[in-house]
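**Student:** What follows is my_file-v1.csv; its format and atoms are CSV, C-alpha atoms.
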```
chain,number,residue,atom,x,y,z
A,1,MET,CA,171.0,-119.3,75.2
A,2,PHE,CA,167.9,-117.3,74.5
A,3,GLY,CA,168.1,-114.9,71.5
A,4,LEU,CA,167.4,-111.2,71.9
A,5,SER,CA,163.9,-111.5,70.5
A,6,ARG,CA,163.1,-114.3,72.9
A,7,LEU,CA,164.0,-112.0,75.7
A,8,GLY,CA,161.6,-109.4,74.4
A,9,ILE,CA,164.2,-106.8,73.5
A,10,GLY,CA,165.0,-107.6,69.9
A,11,ALA,CA,164.2,-105.2,67.1
A,12,ASP,CA,161.5,-107.5,65.8
A,13,LYS,CA,159.5,-106.9,69.0
A,14,GLN,CA,159.4,-103.2,68.2
A,15,ARG,CA,157.7,-103.6,64.8
A,16,LEU,CA,154.2,-104.7,64.1
A,17,PRO,CA,154.0,-107.8,61.9
A,18,ARG,CA,152.6,-107.6,58.5
A,19,PRO,CA,149.0,-109.0,58.3
A,20,GLN,CA,150.2,-112.0,56.2
A,21,ASP,CA,152.8,-112.8,58.9
A,22,THR,CA,150.5,-112.9,61.9
A,23,LEU,CA,149.8,-116.2,63.7
A,24,PRO,CA,146.7,-118.1,62.6
A,25,GLY,CA,145.0,-118.2,66.0
A,26,ARG,CA,141.8,-120.2,66.5
A,27,ASP,CA,138.1,-120.0,66.1
A,28,ARG,CA,137.0,-120.7,69.6
A,29,PRO,CA,136.9,-117.8,72.1
A,30,MET,CA,139.0,-118.1,75.3
A,31,PRO,CA,136.9,-119.8,78.1
A,32,ILE,CA,136.6,-117.6,81.2
A,33,GLY,CA,134.8,-117.9,84.5
A,34,ASN,CA,132.8,-114.7,83.7
A,35,VAL,CA,132.8,-113.5,87.3
A,36,HIS,CA,134.8,-110.4,88.3
A,37,HIS,CA,137.1,-111.3,91.2
A,38,VAL,CA,136.6,-107.9,92.8
A,39,HIS,CA,132.9,-107.2,92.7
A,40,GLY,CA,131.3,-110.4,91.2
A,41,ARG,CA,129.8,-108.8,88.1
A,42,VAL,CA,130.0,-110.4,84.7
A,43,LEU,CA,133.0,-110.0,82.4
A,44,ARG,CA,131.3,-111.0,79.2
A,45,ASP,CA,127.8,-109.8,78.2
A,46,ALA,CA,125.9,-107.6,75.8
A,47,PHE,CA,126.1,-104.8,78.4
A,48,ASP,CA,122.8,-103.2,77.2
A,49,GLY,CA,122.5,-99.6,78.3
A,50,LEU,CA,126.2,-99.3,79.0
A,51,GLN,CA,129.2,-98.2,77.0
A,52,ARG,CA,132.5,-99.8,76.3
A,53,VAL,CA,136.1,-98.7,75.5
A,54,GLN,CA,139.4,-100.4,75.4
A,55,PHE,CA,142.6,-98.9,76.8
A,56,GLY,CA,146.1,-100.2,76.2
A,57,MET,CA,148.7,-98.7,78.6
A,58,GLY,CA,151.4,-101.3,79.1
A,59,CYS,CA,151.0,-104.5,81.1
A,60,PHE,CA,147.3,-105.1,81.4
A,61,TRP,CA,147.4,-106.3,85.0
A,62,GLY,CA,148.0,-102.9,86.4
A,63,ALA,CA,145.9,-101.2,83.8
A,64,GLU,CA,142.8,-103.1,84.8
A,65,ARG,CA,143.3,-102.3,88.5
A,66,THR,CA,143.4,-98.6,87.5
A,67,PHE,CA,139.8,-98.7,86.4
A,68,TRP,CA,137.9,-101.4,88.3
A,69,SER,CA,137.2,-99.3,91.4
A,70,LEU,CA,136.4,-96.1,89.5
A,71,PRO,CA,132.8,-95.0,90.3
A,72,GLY,CA,130.5,-95.6,87.3
A,73,VAL,CA,132.6,-98.4,85.9
A,74,PHE,CA,130.4,-101.5,85.8
A,75,THR,CA,133.1,-104.1,85.0
A,76,THR,CA,136.5,-104.6,83.5
A,77,ALA,CA,138.3,-107.4,81.8
A,78,VAL,CA,141.7,-107.9,80.2
A,79,GLY,CA,142.4,-109.1,76.7
A,80,TYR,CA,144.0,-108.4,73.4
A,81,ALA,CA,143.1,-106.0,70.5
A,82,GLY,CA,144.5,-104.3,67.4
A,83,GLY,CA,146.2,-107.3,65.8
A,84,GLY,CA,145.4,-110.0,63.2
A,85,THR,CA,145.3,-113.2,65.2
A,86,PRO,CA,141.9,-114.3,66.4
A,87,ASN,CA,141.5,-115.6,70.0
A,88,PRO,CA,145.3,-115.5,70.7
A,89,THR,CA,146.9,-116.9,73.8
A,90,TYR,CA,149.1,-114.8,76.1
A,91,GLY,CA,152.2,-116.6,74.8
A,92,GLU,CA,151.3,-115.8,71.2
A,93,VAL,CA,150.8,-112.1,72.0
A,94,CYS,CA,154.1,-112.1,73.9
A,95,SER,CA,155.8,-113.5,70.8
A,96,GLY,CA,155.1,-110.2,68.9
A,97,GLN,CA,153.6,-112.2,66.0
A,98,THR,CA,149.9,-111.3,66.6
A,99,GLY,CA,150.0,-107.5,66.3
A,100,HIS,CA,147.8,-107.3,69.4
A,101,ALA,CA,148.3,-104.9,72.3
A,102,GLU,CA,147.4,-105.9,75.9
A,103,VAL,CA,144.3,-103.9,76.7
A,104,VAL,CA,141.7,-103.5,79.4
A,105,LEU,CA,138.0,-103.5,78.4
A,106,VAL,CA,136.2,-100.9,80.5
A,107,VAL,CA,132.4,-101.1,80.6
A,108,TYR,CA,130.8,-98.0,82.2
A,109,ASP,CA,127.6,-96.1,82.8
A,110,PRO,CA,127.8,-92.8,81.0
A,111,ALA,CA,125.1,-91.4,83.3
A,112,THR,CA,127.4,-91.9,86.3
A,113,VAL,CA,131.0,-91.3,84.9
A,114,ALA,CA,131.9,-89.1,82.0
A,115,PHE,CA,134.1,-90.5,79.3
A,116,GLU,CA,136.5,-87.6,79.9
A,117,GLN,CA,137.1,-88.9,83.4
A,118,LEU,CA,138.2,-92.3,82.0
A,119,LEU,CA,140.5,-90.5,79.6
A,120,LYS,CA,142.0,-88.5,82.4
A,121,ARG,CA,142.7,-91.7,84.3
A,122,PHE,CA,144.2,-93.3,81.1
A,123,TRP,CA,146.6,-90.4,80.3
A,124,GLU,CA,147.8,-89.9,83.8
A,125,SER,CA,148.4,-93.5,84.6
A,126,HIS,CA,151.1,-94.3,82.0
A,127,ASP,CA,153.6,-92.6,79.7
A,128,PRO,CA,152.0,-92.2,76.3
A,129,THR,CA,155.2,-91.1,74.7
A,130,HIS,CA,157.1,-94.4,74.9
A,131,GLY,CA,156.2,-96.0,71.6
A,132,MET,CA,156.4,-99.8,71.7
A,133,ARG,CA,157.2,-100.0,75.4
A,134,GLN,CA,156.0,-99.0,78.9
A,135,GLY,CA,158.6,-98.7,81.6
A,136,ASN,CA,160.8,-101.8,81.5
A,137,ASP,CA,158.2,-103.7,79.4
A,138,SER,CA,159.3,-103.6,75.8
A,139,GLY,CA,157.4,-104.8,72.7
A,140,THR,CA,154.5,-104.0,70.5
A,141,GLN,CA,152.0,-105.6,73.0
A,142,TYR,CA,152.8,-102.7,75.4
A,143,ARG,CA,152.0,-99.8,73.1
A,144,SER,CA,149.6,-97.1,74.2
A,145,THR,CA,146.2,-97.3,72.5
A,146,ILE,CA,142.5,-96.3,72.8
A,147,HIS,CA,139.9,-98.3,70.9
A,148,CYS,CA,136.6,-96.4,70.8
A,149,ASP,CA,133.1,-97.8,70.3
A,150,THR,CA,131.5,-94.5,69.2
A,151,GLN,CA,132.3,-91.5,67.2
A,152,ALA,CA,131.7,-89.3,70.3
A,153,GLN,CA,134.3,-91.3,72.2
A,154,TYR,CA,136.8,-90.9,69.3
A,155,ASP,CA,136.3,-87.1,69.1
A,156,LEU,CA,136.8,-86.7,72.9
A,157,ALA,CA,139.9,-89.0,72.8
A,158,ILE,CA,141.4,-86.9,70.0
A,159,ALA,CA,140.7,-83.7,71.9
A,160,SER,CA,142.1,-85.1,75.1
A,161,ARG,CA,145.3,-86.2,73.3
A,162,ASP,CA,145.8,-82.7,71.8
A,163,ALA,CA,145.2,-81.0,75.2
A,164,TYR,CA,147.5,-83.4,77.0
A,165,GLN,CA,150.2,-83.1,74.4
A,166,GLN,CA,150.4,-79.4,75.1
A,167,ARG,CA,150.7,-80.1,78.9
A,168,LEU,CA,153.5,-82.7,78.2
A,169,ARG,CA,155.3,-80.3,75.8
A,170,ASP,CA,155.2,-77.6,78.5
A,171,ALA,CA,156.7,-80.1,80.9
A,172,GLY,CA,159.5,-80.9,78.5
A,173,LYS,CA,158.2,-84.4,77.5
A,174,GLY,CA,158.1,-86.0,74.1
A,175,ASP,CA,155.4,-86.6,71.5
A,176,ILE,CA,152.4,-88.8,72.2
A,177,THR,CA,152.5,-92.1,70.3
A,178,THR,CA,149.1,-93.4,71.4
A,179,GLU,CA,146.9,-95.1,68.7
A,180,ILE,CA,143.3,-93.9,68.8
A,181,VAL,CA,141.1,-96.3,66.8
A,182,TYR,CA,137.5,-96.0,65.7
A,183,PRO,CA,135.7,-98.3,65.3
A,184,ALA,CA,137.2,-100.4,68.0
A,185,SER,CA,139.0,-103.6,67.0
A,186,THR,CA,137.7,-106.9,68.2
A,187,PHE,CA,138.4,-107.5,71.8
A,188,TYR,CA,139.7,-111.0,72.6
A,189,TYR,CA,139.4,-112.0,76.3
A,190,ALA,CA,142.6,-113.1,77.9
A,191,GLU,CA,143.0,-116.3,79.9
A,192,ASP,CA,141.2,-116.6,83.3
A,193,GLU,CA,144.5,-116.4,85.2
A,194,HIS,CA,145.1,-112.8,83.8
A,195,GLN,CA,141.6,-111.5,84.7
A,196,GLN,CA,141.8,-109.2,87.8
A,197,TYR,CA,145.3,-110.6,88.3
A,198,LEU,CA,146.3,-108.0,91.0
A,199,SER,CA,143.2,-108.8,93.0
A,200,LYS,CA,144.1,-112.5,92.9
A,201,ASN,CA,147.8,-111.8,93.5
A,202,PRO,CA,148.1,-108.5,95.5
A,203,MET,CA,151.9,-108.6,95.5
A,204,GLY,CA,152.1,-109.2,91.8
A,205,TYR,CA,153.9,-107.1,89.2
A,206,CYS,CA,152.4,-103.8,88.3
A,207,GLY,CA,154.3,-101.7,85.7
A,208,ILE,CA,151.8,-98.7,85.7
A,209,GLY,CA,153.5,-95.4,86.2
A,210,GLY,CA,152.6,-91.9,84.8
A,211,THR,CA,154.5,-88.9,83.8
A,212,GLY,CA,153.5,-86.8,86.7
A,213,VAL,CA,151.8,-84.3,84.3
A,214,SER,CA,148.0,-83.8,85.0
A,215,CYS,CA,145.5,-84.0,82.1
A,216,PRO,CA,142.8,-81.3,81.8
A,217,ILE,CA,139.4,-82.9,82.3
A,218,SER,CA,137.2,-80.1,80.8
A,219,LEU,CA,137.6,-80.6,77.1
A,220,ASP,CA,135.6,-79.0,74.3
A,221,VAL,CA,135.3,-80.9,71.0
```
Would you write the structure of this file as structure tokens?
**Tutor:**
Amino acid sequence: MFGLSRLGIGADKQRLPRPQDTLPGRDRPMPIGNVHHVHGRVLRDAFDGLQRVQFGMGCFWGAERTFWSLPGVFTTAVGYAGGGTPNPTYGEVCSGQTGHAEVVLVVYDPATVAFEQLLKRFWESHDPTHGMRQGNDSGTQYRSTIHCDTQAQYDLAIASRDAYQQRLRDAGKGDITTEIVYPASTFYYAEDEHQQYLSKNPMGYCGIGGTGVSCPISLDV
């Protein structure tokens, strides 16, 4: 019989591991095909002239689909960030022993899409008050998080959090638990089978679901 932690509902899956307790991982990056299944652009590159941000909002399959068709988004990829295990596997992240969250890397053209629009899509597409879970998915890997590449992104993310918190409070919702990190943690690409999963598997599982509360898009920092 599986123990509670093996099922993903044990108390250990609700606590981040201490740095000294994380799995050792590996030096070699995850090999990927480097072709986006939806639009054919690259997944891994220097992305000169573009900007990057990482969003964690539960299972990364649905999170990636939320962004890949947004005008101004050049490409997306799923992976892991925020933990201590280099180049982890999906199974290792699911164990709760890496400290990583499932995230989607969003590479975008700031001349075409404002960062505030990405934030609006982020806040409205999941419930940021759920702590170490999202819907029926429970565990530290499903926590809400934003990993910012620039100070300007960080300032806007903080402002958007505060504005959205007021909207949630007015609607009788709880406190936002989203981690907002700057500078961004290292992004580790997930295995090929997880990249654009819901394009490859249109009937696959998608746990994305928001609160029904809209986020104000015009934010002053």
**Student:** Excluding Ile158 (chain A) and residues on its chain fewer than 3 positions from it, collect all residues at most 12 Å away from it, counting only C-alpha atoms, and give them as a PDB file with C-alpha atoms, in the coordinates of the input.
**Tutor:**
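The resulting part.pdb:
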```pdb
ATOM      1  CA  GLU A 116     136.500 -87.600  79.900  1.00  0.00           C
ATOM      2  CA  LEU A 119     140.500 -90.500  79.600  1.00  0.00           C
ATOM      3  CA  THR A 145     146.200 -97.300  72.500  1.00  0.00           C
ATOM      4  CA  ILE A 146     142.500 -96.300  72.800  1.00  0.00           C
ATOM      5  CA  HIS A 147     139.900 -98.300  70.900  1.00  0.00           C
ATOM      6  CA  CYS A 148     136.600 -96.400  70.800  1.00  0.00           C
ATOM      7  CA  GLN A 151     132.300 -91.500  67.200  1.00  0.00           C
ATOM      8  CA  ALA A 152     131.700 -89.300  70.300  1.00  0.00           C
ATOM      9  CA  GLN A 153     134.300 -91.300  72.200  1.00  0.00           C
ATOM     10  CA  TYR A 154     136.800 -90.900  69.300  1.00  0.00           C
ATOM     11  CA  ASP A 155     136.300 -87.100  69.100  1.00  0.00           C
ATOM     12  CA  ARG A 161     145.300 -86.200  73.300  1.00  0.00           C
ATOM     13  CA  ASP A 162     145.800 -82.700  71.800  1.00  0.00           C
ATOM     14  CA  ALA A 163     145.200 -81.000  75.200  1.00  0.00           C
ATOM     15  CA  TYR A 164     147.500 -83.400  77.000  1.00  0.00           C
ATOM     16  CA  GLN A 165     150.200 -83.100  74.400  1.00  0.00           C
ATOM     17  CA  ILE A 176     152.400 -88.800  72.200  1.00  0.00           C
ATOM     18  CA  THR A 178     149.100 -93.400  71.400  1.00  0.00           C
ATOM     19  CA  GLU A 179     146.900 -95.100  68.700  1.00  0.00           C
ATOM     20  CA  ILE A 180     143.300 -93.900  68.800  1.00  0.00           C
ATOM     21  CA  VAL A 181     141.100 -96.300  66.800  1.00  0.00           C
ATOM     22  CA  TYR A 182     137.500 -96.000  65.700  1.00  0.00           C
ATOM     23  CA  LEU A 219     137.600 -80.600  77.100  1.00  0.00           C
ATOM     24  CA  ASP A 220     135.600 -79.000  74.300  1.00  0.00           C
ATOM     25  CA  VAL A 221     135.300 -80.900  71.000  1.00  0.00           C
TER      26      VAL A 221
END
```
**Student:** Restricting the calculation to all atoms listed in the file, which member of A:Tyr189, A:Phe115, A:Trp123, A:Tyr197 is positioned closest to Thr177 (chain A)?
**Tutor:** A:Trp123
**Student:** Skip Gly135 (chain A) itself and residues of its chain fewer than 6 positions away, then list as a list in words all residues within 12 Å of it, counting all atoms listed in the file.
**Tutor:**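 Neighbouring residues, sequence-local ones excluded: Met57, Gly58, Cys59, Ser125, His126, Asp127, Pro128, Thr129, Tyr142, Arg143, Ser144, Cys206, Gly207, Ile208, Gly209, Gly210 and Thr211 of chain A.
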**Student:** How many Å separate CA of Gly83 (chain A) from CA of Phe187 (chain A)?
**Tutor:** 9.8 Å
**Student:** Mind listing as a CSV table (one decimal) with C-alpha atoms, in the frame of the given file all residues within 10 Å of (155.5, -101.4, 73.8), counting all atoms listed in the file?
**Tutor:**
```
chain,number,residue,atom,x,y,z
A,13,LYS,CA,159.5,-106.9,69.0
A,14,GLN,CA,159.4,-103.2,68.2
A,15,ARG,CA,157.7,-103.6,64.8
A,56,GLY,CA,146.1,-100.2,76.2
A,57,MET,CA,148.7,-98.7,78.6
A,58,GLY,CA,151.4,-101.3,79.1
A,59,CYS,CA,151.0,-104.5,81.1
A,101,ALA,CA,148.3,-104.9,72.3
A,102,GLU,CA,147.4,-105.9,75.9
A,130,HIS,CA,157.1,-94.4,74.9
A,131,GLY,CA,156.2,-96.0,71.6
A,132,MET,CA,156.4,-99.8,71.7
A,133,ARG,CA,157.2,-100.0,75.4
A,134,GLN,CA,156.0,-99.0,78.9
A,135,GLY,CA,158.6,-98.7,81.6
A,136,ASN,CA,160.8,-101.8,81.5
A,137,ASP,CA,158.2,-103.7,79.4
A,138,SER,CA,159.3,-103.6,75.8
A,139,GLY,CA,157.4,-104.8,72.7
A,140,THR,CA,154.5,-104.0,70.5
A,141,GLN,CA,152.0,-105.6,73.0
A,142,TYR,CA,152.8,-102.7,75.4
A,143,ARG,CA,152.0,-99.8,73.1
A,144,SER,CA,149.6,-97.1,74.2
```
**Student:** Choose the residue, out of A:Asp48, A:Glu193, A:Glu64, A:Asp175, that has the smallest atom-to-atom separation from Phe122 (chain A); count all atoms listed in the file.
**Tutor:** A:Glu64
**Student:** Taking all atoms listed in the file into account, name the residue in A:Ala77, A:Cys94, A:Ala63, A:Leu16 that is nearest to His36 (chain A).
**Tutor:**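 Of A:Ala77, A:Cys94, A:Ala63, A:Leu16, the one nearest His36 (chain A) is A:Ala77, counting all atoms listed in the file.
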**Student:** When you count all atoms listed in the file, which of these residues is closest to Lys200 (chain A): A:Val53, A:Arg44, A:Trp61, A:Ala159?
**Tutor:**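 Ranked by minimum distance to Lys200 (chain A), first place goes to A:Trp61.
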**Student:** Distance CA of Gly84 (chain A)-CA of Ala157 (chain A), one decimal place?
**Tutor:**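 So the two atoms, CA of Gly84 (chain A) and CA of Ala157 (chain A), lie 23.7 Å apart.
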